[in-house]
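Raw structure.txt, compact mmCIF, C-alpha atoms:
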# COMPACT_ATOMS: atom_id res chain seq x y z
CA MET A 1 68.98 -33.31 42.25
CA THR A 2 66.39 -31.42 40.17
CA LYS A 3 67.10 -28.30 38.09
CA LYS A 4 65.09 -26.29 40.60
CA ASN A 5 67.21 -27.56 43.50
CA VAL A 6 70.34 -26.55 41.60
CA LEU A 7 68.81 -23.11 41.05
CA ILE A 8 68.03 -22.73 44.77
CA LEU A 9 71.52 -23.82 45.83
CA SER A 10 73.32 -21.62 43.30
CA SER A 11 71.22 -18.61 44.40
CA LEU A 12 72.09 -19.31 48.04
CA ARG A 13 75.81 -19.74 47.25
CA LYS A 14 75.88 -16.47 45.33
CA LEU A 15 74.19 -14.61 48.19
CA LEU A 16 76.31 -16.16 50.93
CA ARG A 17 79.51 -15.21 49.10
CA THR A 18 78.47 -11.54 49.25
CA PRO A 19 81.36 -9.56 50.79
CA LYS A 20 81.12 -9.21 54.57
CA THR A 21 80.93 -5.43 54.14
CA LYS A 22 77.28 -6.05 53.38
CA ARG A 23 76.33 -6.79 56.94
CA VAL A 24 72.77 -8.17 56.81
CA LEU A 25 71.49 -10.67 54.23
CA MET A 26 67.85 -11.68 54.11
CA ILE A 27 66.44 -14.86 52.57
CA VAL A 28 62.70 -14.89 51.95
CA VAL A 29 61.11 -18.32 51.57
CA ARG A 30 57.81 -20.07 52.29
CA SER A 31 57.52 -21.34 55.87
CA GLN A 32 57.30 -25.01 54.86
CA SER A 33 60.79 -24.88 53.36
CA ILE A 34 62.63 -22.93 56.07
CA VAL A 35 64.04 -26.01 57.86
CA ARG A 36 65.50 -27.32 54.59
CA ILE A 37 66.85 -23.93 53.53
CA ASN A 38 68.58 -23.46 56.91
CA LEU A 39 70.28 -26.81 56.47
CA SER A 40 71.50 -25.79 53.00
CA ILE A 41 72.73 -22.44 54.30
CA LEU A 42 74.67 -24.07 57.13
CA ASN A 43 76.12 -26.65 54.78
CA ILE A 44 77.41 -23.94 52.43
CA LEU A 45 78.79 -21.77 55.23
CA LEU A 46 80.36 -24.48 57.40
CA ASN A 47 81.43 -27.13 54.92
CA GLU A 48 81.94 -25.34 51.60
CA MET A 49 83.16 -21.95 52.85
CA ARG A 50 84.80 -23.36 56.02
CA GLU A 51 83.29 -20.63 58.18
CA LYS A 52 82.35 -20.60 61.86
CA GLY A 53 79.29 -19.04 63.36
CA ILE A 54 76.22 -18.87 65.54
CA TYR A 55 72.80 -20.36 64.81
CA LEU A 56 70.06 -18.48 66.65
CA THR A 57 66.83 -20.45 66.40
CA ILE A 58 63.54 -19.29 67.85
CA GLU A 59 61.27 -22.33 67.65
CA SER A 60 63.50 -25.38 67.19
CA PRO A 61 64.96 -26.97 70.35
CA ASP A 62 68.78 -27.12 70.29
CA LYS A 63 68.91 -30.92 70.67
CA HIS A 64 66.62 -31.25 67.69
CA VAL A 65 68.80 -28.92 65.60
CA MET A 66 71.96 -30.82 66.56
CA ASN A 67 70.27 -34.10 65.67
CA ILE A 68 69.42 -32.88 62.16
CA LEU A 69 72.85 -31.33 61.60
CA LYS A 70 74.56 -34.53 62.71
CA LYS A 71 72.34 -36.76 60.59
CA HIS A 72 73.11 -34.71 57.47
CA GLU A 73 76.82 -34.38 58.36
CA VAL A 74 76.57 -30.61 58.32
CA ALA A 75 77.98 -29.68 61.71
CA GLU A 76 79.23 -32.50 63.92
CA ASP A 77 81.33 -29.96 65.81
CA SER A 78 78.52 -27.93 67.33
CA GLY A 79 77.56 -26.98 70.87
CA THR A 80 75.27 -24.76 72.90
CA GLU A 81 77.86 -22.80 74.88
CA PHE A 82 80.75 -20.55 74.07
CA GLY A 83 84.17 -21.46 75.46
CA LYS A 84 84.87 -24.71 73.65
CA ARG A 85 85.68 -23.11 70.31
CA LYS A 86 83.06 -25.09 68.37
CA LYS A 87 82.47 -24.45 64.67
CA LEU A 88 78.83 -23.73 65.38
CA ILE A 89 77.15 -22.41 68.51
CA ILE A 90 73.40 -23.10 68.68
CA ALA A 91 71.27 -20.75 70.76
CA ALA A 92 67.59 -21.72 70.94
CA GLY A 93 64.49 -20.27 72.55
CA ILE A 94 61.42 -18.19 71.83
CA LYS A 95 62.84 -15.17 73.72
CA LYS A 96 66.41 -15.99 72.78
CA PRO A 97 67.25 -13.21 70.30
CA LEU A 98 67.06 -10.40 72.87
CA ILE A 99 68.43 -12.57 75.70
CA PHE A 100 71.34 -13.62 73.46
CA PHE A 101 72.38 -10.09 72.50
CA LYS A 102 71.97 -8.76 76.06
CA GLU A 103 74.06 -11.62 77.43
CA ILE A 104 76.85 -10.93 74.93
CA PHE A 105 76.85 -7.22 75.82
CA ARG A 106 76.79 -7.96 79.55
CA ARG A 107 79.72 -10.34 79.34
CA ALA A 108 81.62 -7.96 77.07
CA SER A 109 81.09 -5.12 79.56
CA THR A 110 82.59 -7.25 82.34
CA GLY A 111 85.74 -7.75 80.22
CA ASP A 112 85.10 -11.38 79.16
CA LYS A 113 88.00 -11.51 76.70
CA ASN A 114 87.59 -15.20 75.87
CA LEU A 115 84.05 -14.69 74.64
CA ASP A 116 85.07 -11.58 72.75
CA ASP A 117 87.92 -13.45 71.04
CA GLU A 118 85.71 -16.40 70.21
CA ILE A 119 83.08 -14.22 68.51
CA ARG A 120 85.82 -12.34 66.66
CA SER A 121 86.99 -15.68 65.24
CA MET A 122 83.54 -16.29 63.75
CA ASN A 123 82.00 -15.27 60.44
CA PHE A 124 78.23 -15.41 60.63
CA LEU A 125 75.09 -15.28 62.73
CA LEU A 126 72.11 -17.13 61.23
CA ILE A 127 68.66 -16.18 62.58
CA ASP A 128 65.95 -18.82 62.10
CA ASN A 129 63.26 -17.89 61.55
CA LEU A 130 62.56 -14.24 61.88
CA SER A 131 58.82 -14.58 61.13
CA ALA A 132 58.43 -16.65 64.31
CA MET A 133 59.52 -13.63 66.38
CA GLY A 134 56.08 -12.14 65.82
CA ASN A 135 54.48 -15.01 67.72
CA TYR A 136 56.31 -14.19 70.93
CA ASN A 137 57.28 -10.50 70.77
CA SER A 138 55.46 -7.19 70.36
CA SER A 139 56.48 -4.82 67.52
CA GLU A 140 58.35 -2.73 70.12
CA THR A 141 60.39 -5.73 71.26
CA VAL A 142 61.12 -6.69 67.65
CA LYS A 143 62.50 -3.17 67.09
CA GLU A 144 64.53 -3.52 70.28
CA ILE A 145 65.98 -6.80 68.95
CA PHE A 146 67.01 -5.10 65.72
CA GLY A 147 68.57 -2.26 67.74
CA ALA A 148 70.59 -4.85 69.66
CA MET A 149 71.54 -6.52 66.39
CA GLU A 150 72.93 -3.22 65.07
CA GLU A 151 74.97 -2.77 68.25
CA PHE A 152 76.27 -6.34 67.86
CA LEU A 153 77.33 -5.63 64.26
CA LYS A 154 79.14 -2.46 65.34
CA ARG A 155 81.04 -4.38 67.98
CA TYR A 156 81.88 -7.35 65.71
CA ASP A 157 82.69 -6.18 62.19
CA ASN A 158 83.77 -9.73 61.25
CA ILE A 159 80.19 -11.03 61.49
CA GLN A 160 77.59 -11.11 58.75
CA ILE A 161 73.98 -11.67 59.83
CA ILE A 162 71.75 -13.93 57.74
CA ILE A 163 68.02 -13.73 58.35
CA VAL A 164 65.57 -16.35 57.06
CA THR A 165 61.92 -15.33 56.92
CA ASP A 166 58.52 -15.88 55.32
CA LYS A 167 57.18 -12.46 54.29
CA LYS A 168 53.56 -13.61 54.48
CA VAL A 169 53.81 -14.24 58.23
CA TYR A 170 53.76 -11.04 60.31
CA PRO A 171 54.36 -8.68 57.39
CA GLU A 172 55.28 -5.84 59.78
CA VAL A 173 58.23 -7.87 61.14
CA HIS A 174 59.29 -8.45 57.56
CA GLU A 175 59.08 -4.71 56.81
CA ILE A 176 61.23 -3.86 59.84
CA ALA A 177 63.80 -6.49 58.82
CA LYS A 178 63.91 -5.21 55.23
CA LYS A 179 65.07 -1.81 56.45
CA TYR A 180 68.09 -3.42 58.10
CA SER A 181 69.00 -5.73 55.19
CA ASN A 182 71.71 -4.96 52.62
CA GLU A 183 70.85 -7.83 50.27
CA ILE A 184 67.57 -9.72 49.86
CA LEU A 185 67.09 -13.06 48.10
CA GLU A 186 63.52 -14.19 47.45
CA LEU A 187 63.08 -17.88 46.68
CA PRO A 188 59.74 -18.12 44.83
CA ASP A 189 57.23 -20.81 45.81
CA GLU A 190 57.31 -22.32 42.31
CA TRP A 191 61.00 -23.20 42.76
CA PHE A 192 59.89 -25.78 45.32
CA ALA A 193 57.24 -27.45 43.16
CA PRO A 194 58.17 -30.74 41.42
CA MET B 1 51.72 -8.34 67.21
CA SER B 2 48.96 -6.10 65.89
CA GLU B 3 48.17 -8.12 62.78
CA GLU B 4 47.10 -11.69 63.41
CA LYS B 5 48.93 -13.29 60.52
CA GLY B 6 51.08 -15.63 62.53
CA PHE B 7 49.70 -18.83 61.07
CA VAL B 8 50.68 -20.06 57.68
CA ARG B 9 47.84 -22.18 56.29
CA ILE B 10 48.46 -25.17 54.08
CA LYS B 11 45.83 -26.66 51.80
CA SER B 12 44.27 -29.88 53.10
CA GLY B 13 43.70 -31.23 49.58
CA ILE B 14 40.09 -32.10 50.50
CA PRO B 15 37.72 -29.93 48.43
CA GLY B 16 35.31 -28.08 50.73
CA LEU B 17 37.29 -28.60 53.94
CA ASP B 18 39.55 -25.54 53.72
CA LYS B 19 36.50 -23.24 53.70
CA MET B 20 35.61 -24.65 57.12
CA ILE B 21 39.05 -24.01 58.68
CA GLU B 22 40.14 -20.56 57.48
CA ASP B 23 41.81 -21.75 54.26
CA GLY B 24 43.74 -24.75 55.53
CA PHE B 25 45.58 -26.46 58.39
CA PRO B 26 47.81 -24.25 60.55
CA PHE B 27 51.49 -24.89 59.80
CA PRO B 28 52.95 -26.55 61.84
CA SER B 29 50.28 -28.64 63.57
CA THR B 30 49.17 -32.17 64.36
CA ILE B 31 45.69 -33.25 63.32
CA LEU B 32 43.73 -36.34 64.35
CA VAL B 33 41.37 -37.74 61.72
CA ALA B 34 39.13 -40.22 63.51
CA GLY B 35 36.44 -42.51 62.23
CA SER B 36 35.24 -46.09 62.10
CA ALA B 37 36.11 -48.51 59.31
CA GLY B 38 35.15 -47.32 55.84
CA THR B 39 34.63 -43.65 56.67
CA GLY B 40 37.53 -42.50 54.48
CA LYS B 41 40.51 -41.96 56.80
CA THR B 42 43.09 -43.42 54.43
CA THR B 43 41.56 -41.61 51.43
CA PHE B 44 41.72 -38.36 53.42
CA SER B 45 45.36 -39.04 54.31
CA LEU B 46 46.49 -39.82 50.76
CA GLN B 47 44.61 -36.82 49.40
CA PHE B 48 46.38 -34.62 51.97
CA LEU B 49 49.79 -36.01 50.97
CA SER B 50 49.05 -35.80 47.23
CA GLU B 51 48.18 -32.11 47.62
CA GLY B 52 51.49 -31.56 49.40
CA ALA B 53 53.44 -33.41 46.73
CA ARG B 54 51.86 -31.19 44.05
CA GLU B 55 52.89 -28.11 46.07
CA GLY B 56 56.48 -29.34 46.32
CA ASP B 57 56.36 -30.64 49.90
CA GLN B 58 58.25 -33.76 50.90
CA CYS B 59 55.62 -36.15 52.30
CA MET B 60 55.89 -39.29 54.43
CA TYR B 61 53.31 -41.99 54.98
CA PHE B 62 53.88 -44.31 57.95
CA THR B 63 51.63 -47.33 58.21
CA THR B 64 51.42 -49.11 61.55
CA LEU B 65 49.57 -52.07 60.03
CA SER B 66 51.20 -55.30 59.03
CA GLU B 67 49.83 -55.32 55.50
CA PRO B 68 52.37 -54.45 52.81
CA VAL B 69 52.11 -50.79 51.97
CA GLN B 70 51.94 -51.54 48.23
CA TRP B 71 48.69 -53.38 48.87
CA MET B 72 47.10 -50.18 50.18
CA LEU B 73 48.73 -48.04 47.45
CA ARG B 74 47.34 -50.40 44.81
CA PHE B 75 43.81 -49.59 45.92
CA VAL B 76 44.25 -45.85 46.41
CA SER B 77 46.06 -45.48 43.08
CA GLN B 78 42.64 -45.87 41.44
CA PHE B 79 41.70 -42.39 42.67
CA LYS B 80 42.09 -39.61 40.10
CA PHE B 81 43.95 -37.34 42.55
CA VAL B 82 46.80 -39.85 42.82
CA ASN B 83 49.94 -39.28 40.74
CA LYS B 84 51.68 -42.65 40.89
CA ASP B 85 55.03 -41.03 40.11
CA PHE B 86 54.91 -39.41 43.56
CA PHE B 87 55.19 -42.80 45.32
CA GLY B 88 58.69 -43.37 46.63
CA LYS B 89 59.80 -39.83 45.79
CA GLU B 90 57.59 -36.94 46.89
CA ILE B 91 55.58 -39.42 48.99
CA VAL B 92 57.87 -41.79 50.89
CA TYR B 93 56.13 -44.68 52.65
CA VAL B 94 57.40 -46.60 55.65
CA GLU B 95 56.00 -49.76 57.25
CA LEU B 96 56.15 -49.81 61.04
CA GLY B 97 53.83 -52.81 61.48
CA ASP B 98 56.63 -55.22 62.33
CA MET B 99 57.92 -53.04 65.16
CA PHE B 100 54.48 -52.81 66.72
CA ARG B 101 53.81 -56.52 66.30
CA LYS B 102 57.06 -57.30 68.11
CA MET B 103 55.87 -54.98 70.93
CA GLU B 104 59.06 -52.97 70.81
CA ASP B 105 59.64 -50.23 73.37
CA PRO B 106 57.56 -47.20 72.31
CA LEU B 107 60.56 -44.91 72.64
CA ILE B 108 62.52 -47.10 70.23
CA ILE B 109 59.65 -46.82 67.76
CA ILE B 110 59.60 -43.02 68.14
CA ASP B 111 63.39 -42.90 67.66
CA LYS B 112 62.95 -44.92 64.48
CA ILE B 113 60.28 -42.53 63.22
CA GLU B 114 62.57 -39.61 64.12
CA ASP B 115 65.42 -41.21 62.15
CA TYR B 116 63.22 -41.12 59.07
CA LEU B 117 62.14 -37.54 59.78
CA THR B 118 65.71 -36.28 60.12
CA GLU B 119 66.66 -38.09 56.93
CA TYR B 120 63.78 -36.90 54.73
CA MET B 121 62.76 -33.70 56.58
CA PRO B 122 59.15 -33.94 55.38
CA GLN B 123 56.69 -31.07 55.50
CA ARG B 124 53.65 -33.39 55.59
CA ILE B 125 53.36 -36.65 57.54
CA VAL B 126 50.66 -39.26 57.95
CA ILE B 127 50.68 -41.99 60.61
CA ASP B 128 47.90 -44.41 59.72
CA PRO B 129 46.45 -45.54 62.08
CA VAL B 130 48.02 -44.31 65.31
CA THR B 131 45.40 -46.00 67.49
CA VAL B 132 46.79 -49.45 66.67
CA VAL B 133 49.57 -48.52 69.09
CA GLY B 134 47.06 -48.51 71.96
CA GLY B 135 46.41 -52.18 71.31
CA THR B 136 50.06 -53.17 71.58
CA GLN B 137 51.49 -50.68 74.05
CA HIS B 138 48.69 -50.46 76.67
CA GLU B 139 49.84 -48.31 79.63
CA ALA B 140 52.76 -46.88 77.65
CA TYR B 141 50.32 -45.56 75.04
CA ARG B 142 49.83 -42.10 76.55
CA VAL B 143 53.56 -41.58 76.95
CA PHE B 144 54.05 -42.73 73.37
CA LEU B 145 51.42 -40.30 72.05
CA TYR B 146 52.68 -37.37 74.07
CA ASP B 147 56.27 -37.94 73.03
CA LEU B 148 55.39 -38.64 69.41
CA VAL B 149 53.30 -35.47 69.00
CA ASN B 150 55.93 -33.32 70.71
CA ARG B 151 58.66 -34.59 68.43
CA LEU B 152 56.49 -34.19 65.32
CA LYS B 153 55.92 -30.54 66.26
CA THR B 154 59.63 -29.78 66.45
CA TYR B 155 60.03 -30.92 62.84
CA GLN B 156 57.86 -28.07 61.54
CA THR B 157 55.39 -30.30 59.75
CA VAL B 158 51.67 -30.78 59.43
CA SER B 159 51.04 -34.31 60.65
CA VAL B 160 47.82 -36.23 60.21
CA LEU B 161 47.31 -39.10 62.65
CA THR B 162 44.40 -41.34 61.83
CA GLY B 163 42.41 -42.99 64.60
CA GLU B 164 40.24 -46.04 64.23
CA VAL B 165 37.14 -45.92 66.45
CA LEU B 166 34.17 -48.16 67.06
CA PRO B 167 30.83 -46.96 65.60
CA ASP B 168 29.56 -45.98 69.08
CA GLU B 169 32.81 -44.25 70.10
CA PRO B 170 33.09 -40.65 68.78
CA TYR B 171 36.89 -40.31 68.90
CA PRO B 172 39.91 -41.73 70.74
CA PRO B 173 40.22 -39.40 73.77
CA GLU B 174 43.89 -40.18 74.51
CA VAL B 175 44.92 -38.80 71.11
CA SER B 176 42.54 -35.84 71.05
CA TYR B 177 44.19 -34.33 74.16
CA VAL B 178 47.58 -33.99 72.54
CA VAL B 179 46.73 -32.85 69.01
CA ASP B 180 45.95 -29.37 67.64
CA GLY B 181 42.97 -30.44 65.57
CA VAL B 182 40.35 -33.18 65.56
CA ILE B 183 38.32 -34.10 62.49
CA LEU B 184 35.63 -36.73 62.80
CA LEU B 185 34.45 -38.90 59.91
CA THR B 186 31.12 -40.56 60.64
CA PHE B 187 28.15 -42.12 58.88
CA LYS B 188 24.41 -42.45 59.40
CA ILE B 189 21.97 -44.92 57.91
CA THR B 190 18.97 -43.11 56.41
CA GLU B 191 15.38 -44.36 56.68
CA GLU B 192 15.77 -45.67 53.11
CA GLY B 193 18.73 -47.73 54.27
CA ASN B 194 21.38 -45.60 52.57
CA ARG B 195 24.65 -44.84 54.29
CA LYS B 196 25.50 -41.14 54.37
CA LYS B 197 29.00 -40.05 55.31
CA TYR B 198 29.83 -36.88 57.25
CA LEU B 199 32.81 -34.79 58.30
CA GLU B 200 32.89 -32.64 61.42
CA VAL B 201 35.66 -30.36 62.66
CA LEU B 202 35.65 -30.85 66.40
CA LYS B 203 38.75 -28.86 67.29
CA MET B 204 41.27 -26.73 65.36
CA ARG B 205 43.56 -24.60 67.52
CA GLY B 206 44.03 -20.99 66.44
CA THR B 207 41.21 -21.34 63.92
CA ASN B 208 37.69 -20.01 63.76
CA HIS B 209 36.33 -23.24 62.32
CA ALA B 210 32.87 -24.28 61.14
CA THR B 211 30.96 -26.66 63.39
CA GLY B 212 28.39 -29.38 62.78
CA LEU B 213 28.15 -32.33 60.43
CA ASN B 214 28.82 -31.77 56.73
CA LEU B 215 27.97 -34.27 54.04
CA VAL B 216 30.89 -36.10 52.41
CA ASP B 217 31.08 -37.75 49.00
CA ILE B 218 33.75 -40.30 48.20
CA SER B 219 34.09 -41.16 44.53
CA SER B 220 36.89 -41.77 42.03
CA GLU B 221 37.70 -38.05 42.50
CA GLY B 222 38.47 -38.72 46.16
CA MET B 223 36.78 -37.15 49.18
CA ILE B 224 34.71 -33.98 48.73
CA VAL B 225 33.08 -32.13 51.63
CA GLN B 226 29.70 -30.60 50.77
CA TYR B 227 30.17 -27.71 53.17
CA GLY B 228 26.81 -26.59 54.55
CA LEU B 229 24.92 -29.70 53.44
CA ARG B 230 23.72 -31.80 56.35

Mind turning this structure into structure tokens?
Amino acid sequence: MTKKNVLILSSLRKLLRTPKTKRVLMIVVRSQSIVRINLSILNILLNEMREKGIYLTIESPDKHVMNILKKHEVAEDSGTEFGKRKKLIIAAGIKKPLIFFKEIFRRASTGDKNLDDEIRSMNFLLIDNLSAMGNYNSSETVKEIFGAMEEFLKRYDNIQIIIVTDKKVYPEVHEIAKKYSNEILELPDEWFAP
Amino acid sequence: MSEEKGFVRIKSGIPGLDKMIEDGFPFPSTILVAGSAGTGKTTFSLQFLSEGAREGDQCMYFTTLSEPVQWMLRFVSQFKFVNKDFFGKEIVYVELGDMFRKMEDPLIIIDKIEDYLTEYMPQRIVIDPVTVVGGTQHEAYRVFLYDLVNRLKTYQTVSVLTGEVLPDEPYPPEVSYVVDGVILLTFKITEEGNRKKYLEVLKMRGTNHATGLNLVDISSEGMIVQYGLR
């Protein structure tokens, strides 16, 4: 492992150990490295910190995500549906963020106690990657997603949201996200050079 | 969104080319580089990977030929753009020739490629040449291409597939349907009997790209596109 890799991992560890009272953490990184950074984040959260959570991915199919996580021994105990008390729930789709939050609220409003309990047993929600939202949603919908995210955080005070984004892609999405973030970690491009 | 900044562009590593394609290849995307023998497909590919390695990208080079990969690397290492320390680290090379020669099921070959991708998680990939698969897989070729390109896209990479064509065949149509970009490398014999090489961007999704033939030089510096020179 290079010195730069150590620097990246120690910066991620420091950020991810931020107290849960800081509800939204943002990690800014170049697009080419997002897949690798997500894997490192999940490894720290699931294997080092022994947490449980949700991985909301916009562009990567769930089977593909599970394949990578399994290959790297990050999350063998993962699934795509609530109810089986998995360590990691993967929710994938280009319109998924809004659908996901609405579905949670709908089920909660019908008194789905099992779902409510399961989410209350979790620690994080990782959103990958926020910049991709701009490809499939208008600015208004992006704001609506952040509104839903706030409501979700109010309902589940055990959850910390981690957003991964490239600030050069759809800068207005990045600006909206910044307003909601309590801590921001920028990983400079030169940290990825050999 | 109001601002059209949805595409990240990555440098091709070919001087002159990025000016023709809005500062680089869209990330992620799959690009076909087609041309007949000696037009510079492998040079293009290695230049593309070397640029990535310098930028800190993990790169993978898959060869579908039966020749040992070191044989090819030995020749390309004479180019000035090549940093030999990248071989085996920033640029990982894999020989798939045996699998194709044994006519293995195309889906098994794709699974094998995917195994490597999940292990190394590269940001830049070259499959050189992909058209050799057509010779061994026949009717399964289209399914192979479609499945291969779809899986490459999910890995969030820029993939360059090279395609060998005959001098009278412009590009391999089966591949061009499924990729995001097509770059043609061609040559013409002048009246004086000199061979002039050209590059043409035929297709580049999401990109306002230059059209027409552009003169190409290949020297110890690698490939250089003389954008605007015909």

Between atom CA of Leu202 of chain B and atom CA of Ile183 of chain B, what distance in Å does the model show, to one decimal?
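Straight-line distance from atom CA of Leu202 of chain B to atom CA of Ile183 of chain B works out to 5.7 Å.
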
What lies within 10 Å of segment 44-46 of chain B using all atoms listed in the file, ignoring chain neighbours under 3 positions off, as a VMD selection string?
chain B and resid 12 to 14 33 39 to 41 49 to 52 59 61 73 76 to 77 79 81 to 82 91 125 to 128 159 to 162 185 218 222 to 224

Keeping only C-alpha atoms, take the residues you just selected and write them out as a PDB file, in the coordinates of the input.
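In the end it all went to part_4.pdb:
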ATOM      1  CA  SER B  12      44.270 -29.880  53.100  1.00  0.00           C
ATOM      2  CA  GLY B  13      43.700 -31.230  49.580  1.00  0.00           C
ATOM      3  CA  ILE B  14      40.090 -32.100  50.500  1.00  0.00           C
ATOM      4  CA  VAL B  33      41.370 -37.740  61.720  1.00  0.00           C
ATOM      5  CA  THR B  39      34.630 -43.650  56.670  1.00  0.00           C
ATOM      6  CA  GLY B  40      37.530 -42.500  54.480  1.00  0.00           C
ATOM      7  CA  LYS B  41      40.510 -41.960  56.800  1.00  0.00           C
ATOM      8  CA  LEU B  49      49.790 -36.010  50.970  1.00  0.00           C
ATOM      9  CA  SER B  50      49.050 -35.800  47.230  1.00  0.00           C
ATOM     10  CA  GLU B  51      48.180 -32.110  47.620  1.00  0.00           C
ATOM     11  CA  GLY B  52      51.490 -31.560  49.400  1.00  0.00           C
ATOM     12  CA  CYS B  59      55.620 -36.150  52.300  1.00  0.00           C
ATOM     13  CA  TYR B  61      53.310 -41.990  54.980  1.00  0.00           C
ATOM     14  CA  LEU B  73      48.730 -48.040  47.450  1.00  0.00           C
ATOM     15  CA  VAL B  76      44.250 -45.850  46.410  1.00  0.00           C
ATOM     16  CA  SER B  77      46.060 -45.480  43.080  1.00  0.00           C
ATOM     17  CA  PHE B  79      41.700 -42.390  42.670  1.00  0.00           C
ATOM     18  CA  PHE B  81      43.950 -37.340  42.550  1.00  0.00           C
ATOM     19  CA  VAL B  82      46.800 -39.850  42.820  1.00  0.00           C
ATOM     20  CA  ILE B  91      55.580 -39.420  48.990  1.00  0.00           C
ATOM     21  CA  ILE B 125      53.360 -36.650  57.540  1.00  0.00           C
ATOM     22  CA  VAL B 126      50.660 -39.260  57.950  1.00  0.00           C
ATOM     23  CA  ILE B 127      50.680 -41.990  60.610  1.00  0.00           C
ATOM     24  CA  ASP B 128      47.900 -44.410  59.720  1.00  0.00           C
ATOM     25  CA  SER B 159      51.040 -34.310  60.650  1.00  0.00           C
ATOM     26  CA  VAL B 160      47.820 -36.230  60.210  1.00  0.00           C
ATOM     27  CA  LEU B 161      47.310 -39.100  62.650  1.00  0.00           C
ATOM     28  CA  THR B 162      44.400 -41.340  61.830  1.00  0.00           C
ATOM     29  CA  LEU B 185      34.450 -38.900  59.910  1.00  0.00           C
ATOM     30  CA  ILE B 218      33.750 -40.300  48.200  1.00  0.00           C
ATOM     31  CA  GLY B 222      38.470 -38.720  46.160  1.00  0.00           C
ATOM     32  CA  MET B 223      36.780 -37.150  49.180  1.00  0.00           C
ATOM     33  CA  ILE B 224      34.710 -33.980  48.730  1.00  0.00           C
TER      34      ILE B 224
END

Distance table requested - chain B against chain A, cut-off 10 Å, only C-alpha atoms: one row per qualifying residue with the closest atom pair and its distance in Å to one decimal, ordered by chain and rising residue number, as JSON lines.
{"residue": "B:Met1", "atom": "CA", "partner": "A:Ser138", "partner_atom": "CA", "distance": 5.0}
{"residue": "B:Ser2", "atom": "CA", "partner": "A:Ser139", "partner_atom": "CA", "distance": 7.8}
{"residue": "B:Glu3", "atom": "CA", "partner": "A:Tyr170", "partner_atom": "CA", "distance": 6.8}
{"residue": "B:Glu4", "atom": "CA", "partner": "A:Tyr170", "partner_atom": "CA", "distance": 7.4}
{"residue": "B:Lys5", "atom": "CA", "partner": "A:Tyr170", "partner_atom": "CA", "distance": 5.3}
{"residue": "B:Gly6", "atom": "CA", "partner": "A:Val169", "partner_atom": "CA", "distance": 5.3}
{"residue": "B:Phe7", "atom": "CA", "partner": "A:Val169", "partner_atom": "CA", "distance": 6.8}
{"residue": "B:Val8", "atom": "CA", "partner": "A:Val169", "partner_atom": "CA", "distance": 6.6}
{"residue": "B:Arg9", "atom": "CA", "partner": "A:Ser31", "partner_atom": "CA", "distance": 9.7}
{"residue": "B:Ile10", "atom": "CA", "partner": "A:Gln32", "partner_atom": "CA", "distance": 8.9}
{"residue": "B:Phe27", "atom": "CA", "partner": "A:Gln32", "partner_atom": "CA", "distance": 7.6}
{"residue": "B:Pro28", "atom": "CA", "partner": "A:Gln32", "partner_atom": "CA", "distance": 8.4}
{"residue": "B:Gly52", "atom": "CA", "partner": "A:Ala193", "partner_atom": "CA", "distance": 9.4}
{"residue": "B:Ala53", "atom": "CA", "partner": "A:Pro194", "partner_atom": "CA", "distance": 7.6}
{"residue": "B:Arg54", "atom": "CA", "partner": "A:Ala193", "partner_atom": "CA", "distance": 6.6}
{"residue": "B:Glu55", "atom": "CA", "partner": "A:Ala193", "partner_atom": "CA", "distance": 5.3}
{"residue": "B:Gly56", "atom": "CA", "partner": "A:Ala193", "partner_atom": "CA", "distance": 3.8}
{"residue": "B:Asp57", "atom": "CA", "partner": "A:Ala193", "partner_atom": "CA", "distance": 7.5}
{"residue": "B:Gln58", "atom": "CA", "partner": "A:Ser33", "partner_atom": "CA", "distance": 9.6}
{"residue": "B:Phe86", "atom": "CA", "partner": "A:Pro194", "partner_atom": "CA", "distance": 9.5}
{"residue": "B:Glu90", "atom": "CA", "partner": "A:Pro194", "partner_atom": "CA", "distance": 8.3}
{"residue": "B:Glu114", "atom": "CA", "partner": "A:Asn67", "partner_atom": "CA", "distance": 9.6}
{"residue": "B:Asp115", "atom": "CA", "partner": "A:Lys71", "partner_atom": "CA", "distance": 8.4}
{"residue": "B:Leu117", "atom": "CA", "partner": "A:Ile68", "partner_atom": "CA", "distance": 9.0}
{"residue": "B:Thr118", "atom": "CA", "partner": "A:Ile68", "partner_atom": "CA", "distance": 5.4}
{"residue": "B:Glu119", "atom": "CA", "partner": "A:Lys71", "partner_atom": "CA", "distance": 6.9}
{"residue": "B:Tyr120", "atom": "CA", "partner": "A:Arg36", "partner_atom": "CA", "distance": 9.7}
{"residue": "B:Met121", "atom": "CA", "partner": "A:Arg36", "partner_atom": "CA", "distance": 7.2}
{"residue": "B:Pro122", "atom": "CA", "partner": "A:Gln32", "partner_atom": "CA", "distance": 9.1}
{"residue": "B:Gln123", "atom": "CA", "partner": "A:Gln32", "partner_atom": "CA", "distance": 6.1}
{"residue": "B:Arg124", "atom": "CA", "partner": "A:Gln32", "partner_atom": "CA", "distance": 9.2}
{"residue": "B:Arg151", "atom": "CA", "partner": "A:His64", "partner_atom": "CA", "distance": 8.7}
{"residue": "B:Lys153", "atom": "CA", "partner": "A:Ser60", "partner_atom": "CA", "distance": 9.2}
{"residue": "B:Thr154", "atom": "CA", "partner": "A:Ser60", "partner_atom": "CA", "distance": 5.9}
{"residue": "B:Tyr155", "atom": "CA", "partner": "A:Ser60", "partner_atom": "CA", "distance": 7.9}
{"residue": "B:Gln156", "atom": "CA", "partner": "A:Gln32", "partner_atom": "CA", "distance": 7.4}
{"residue": "B:Thr157", "atom": "CA", "partner": "A:Gln32", "partner_atom": "CA", "distance": 7.5}
{"residue": "B:Val158", "atom": "CA", "partner": "A:Gln32", "partner_atom": "CA", "distance": 9.3}
